[in-house]
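Undergrad: I am attaching a structure below and will ask some questions about it afterwards.
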Amino acid sequence: MSFTSIPILDLALAKDPATKPQFLADLRHALIEVGFLYLKNVGISDEFFQEVIREGKAFFDIPQEEKLKIEMKNAPSFLGYSRLSAEVTAGAIDHREQIDLSTDHPLPGKDAPRYYNLLAPNQWPSEEILPNFRKVFSSYMKQMGEISIYFTSLIAEAIELPADAFLKYFDGGGKDQQHKLKIVKYPDVGTLGEGKGNQGVGPHKDSMLSSYLLQASHHKGLQVQNTKGEWIDCPPIDGTLVVAIGQGLEALTQGVCASTTHRVLSPPAGEGARFSIPFFQGVRGDTEFEDLEKVGVGQVPEHVKDQRRKVLEKNGGRLDDVEFTFRGGGVAKTLGEATLRNRVKSHPDVGEAWYPDILAEIREEQARAKLASEHAAQGTLAEEVVAAAASASKAVEAH
């Protein structure tokens with residue numbers, strides 16, 4: 001039976017030796033059967049969560065000219081403000097307005113790889129307008145970074161790997177790792193106007209290891225796809241974060257931890273805007289795909305793999321709107337390169353300003369893939385066109 005709801009786990013139980021074994025068993029179930037979970041009692045006070053939500057919502061009320069002073073296309077880091085409908089997912093426009101932040105890093109040296117541009121200072125809104133914004137979100141990202149590293153160690157234990165199995169993929173054992181965060185506003189479809197559709201974010205899988213969503217308003221909208229291809233609501237629950245498993249974790253665990261497709265629907269007309277604050281656990285950009293595929297974190301025990309195989313067999317396989325694309329090959333050799341290419345693909349305005357060569361390559365690959373699709377529809381697909389389409393997919397979908 002494919003899942004029809006999202007499990008709720010209590011992180012406090014992991015810190016008590018008496019209850020930790022049951023927590024790990026519940027976590028294994030969530031990882032293998034769902035790939036999504038709610039997490040409560042994470043160690044952040046309800047008061048601070050509410051402060052994060054207040055400051056996040058307040059950002060969208062500042063004057064537009066102040067937002068544009070920190071627009072994403074002003075810098076090569078892909079940090080900063082994005083206007084409504086500026087991002088693309090699954091080939092369609094996402095109807096959302098947002099600001100991207102990360103744990104602060106200094107500007108890279110002139111001889112550093114280009115993907116080091118992603119490691120950079122934030123573009124913060126003016127402290128004269130939002131005096132507490134920087135302090136609140138700097139603290140929140142620091143706390144969430146620590147929680148995410150700890151939770152990843154629990155994931156390792158849940159599938160019978162050493163607790164430190166994933167540490168090698170974090171800069172400084174996690175202490176220097178860059179993590180990212182978005183503050184997102186999804187206007188309701190009445191505000192968007194006719195003909196815009198209701199795609200808040202199109203169907204996708206997260207790219208790296210894990211992400212942690214603070215749902216900052218009462219609206220439904222987040223949906224998760226089960227193995228039968230059905231969309232399951234993941235509504236807000238007070239005091240929880242929604243944890244999503246990324247493609248990197250599925251790859252490293254030999255398919256045991258499920259990276260589950262999800263999407264966001266814009267609120268219906270008249271319901272007002274939906275707000276969310278997702279935190280994305282970072283991974284060391286210098287990590288090479290060859291290491292991920294040939295070295296990794298060691299073999300997950302066979303009896304744990306069997307549990308995942310039985311889930312798929314029981315459900316007759318896995319129906320999925322988004323192909324699993326976390327693999328090597330193509331242009332990107334490191335996670336940093338793959339991430340940079342993916343960001344250019346998602347934000348072509350930043351690509352035009354800072355990475356026109358990468359954007360041109362991506363557009364050429366997309367054109368080849370479109371041609372391949374058209375030939376396939378006509379039943380005249382030649383081998384060389386298939387190869388071109390595969391190359392394009394690997395190059396721009398490696399996240």
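Residue numbering restarts at 1 in every chain; chains get A, B, ... in the order shown in the structure tokens, and ligands count up from 1 in that same order.
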If we count only C-alpha atoms, what is near Phe280 (chain A) at a cut-off of 10 Å, once residues fewer than 6 positions away on the same chain are taken out, given as an NGL selection string?

TA: :A and (102 or 141 or 144-145 or 148 or 178-182 or 206-213 or 243-244 or 246)

Undergrad: Just the residues within 6 Å of region 56-70 of chain A, please, counting only C-alpha atoms, with nothing from its chain fewer than 6 positions along; format it as a list in words.

TA: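 Residues meeting the cut-off are Gly80, Tyr81 and Gln123 of chain A.
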
Undergrad: Counting only C-alpha atoms, what are the residues of region 279-349 of chain A within 12 Å of region 74-77 of chain A, and for each of them which pair of atoms is the nearest and at what distance in Å, to one decimal? Sort the table by chain and rising number, as JSON lines.

TA:
{"residue": "A:Thr339", "atom": "CA", "partner": "A:Ser77", "partner_atom": "CA", "distance": 11.4}
{"residue": "A:Leu340", "atom": "CA", "partner": "A:Ser77", "partner_atom": "CA", "distance": 9.2}
{"residue": "A:Arg343", "atom": "CA", "partner": "A:Ser77", "partner_atom": "CA", "distance": 9.5}
{"residue": "A:Val344", "atom": "CA", "partner": "A:Pro76", "partner_atom": "CA", "distance": 9.9}
{"residue": "A:His347", "atom": "CA", "partner": "A:Pro76", "partner_atom": "CA", "distance": 11.1}
{"residue": "A:Pro348", "atom": "CA", "partner": "A:Pro76", "partner_atom": "CA", "distance": 11.9}
{"residue": "A:Asp349", "atom": "CA", "partner": "A:Asn74", "partner_atom": "CA", "distance": 10.0}

Undergrad: Work out how far CA of Gly221 (chain A) is from CA of Glu47 (chain A), in Å to one decimal.

TA: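 If I compute the distance from CA of Glu47 (chain A) to CA of Gly221 (chain A), I get 24.6 Å.
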
Undergrad: Residues within 12 Å of Val264 (chain A), please, as an NGL selection string. Count only C-alpha atoms; anything in the same chain fewer than 2 positions from it doesn't count.

TA: :A and (89 or 94-96 or 184-188 or 198-204 or 215 or 219-225 or 231-235 or 261-262 or 266-267 or 274-276)

Undergrad: Using CA of Arg114 (chain A) and CA of Val331 (chain A) as the two end points, give the distance in Å to one decimal.

TA: 13.9 Å

Undergrad: Quick one: everything within 12 Å of Tyr150 (chain A), counting only C-alpha atoms, minus sequence neighbours fewer than 6 positions away in the same chain. Send it as a VMD selection string.

TA: chain A and resid 11 14 to 15 42 to 43 143 to 144 156 to 157 163 to 167 173 to 175 210 281

Undergrad: Got a sec to tell me which of region 95-160 of chain A DSSP assigns to strand (DSSP E or B), as a PyMOL selection string?

TA: chain A and resi 97-102

Undergrad: Would you mind reading off the distance between CA of Ile53 (chain A) and CA of Gly193 (chain A), one decimal, in Å?

TA: 26.7 Å
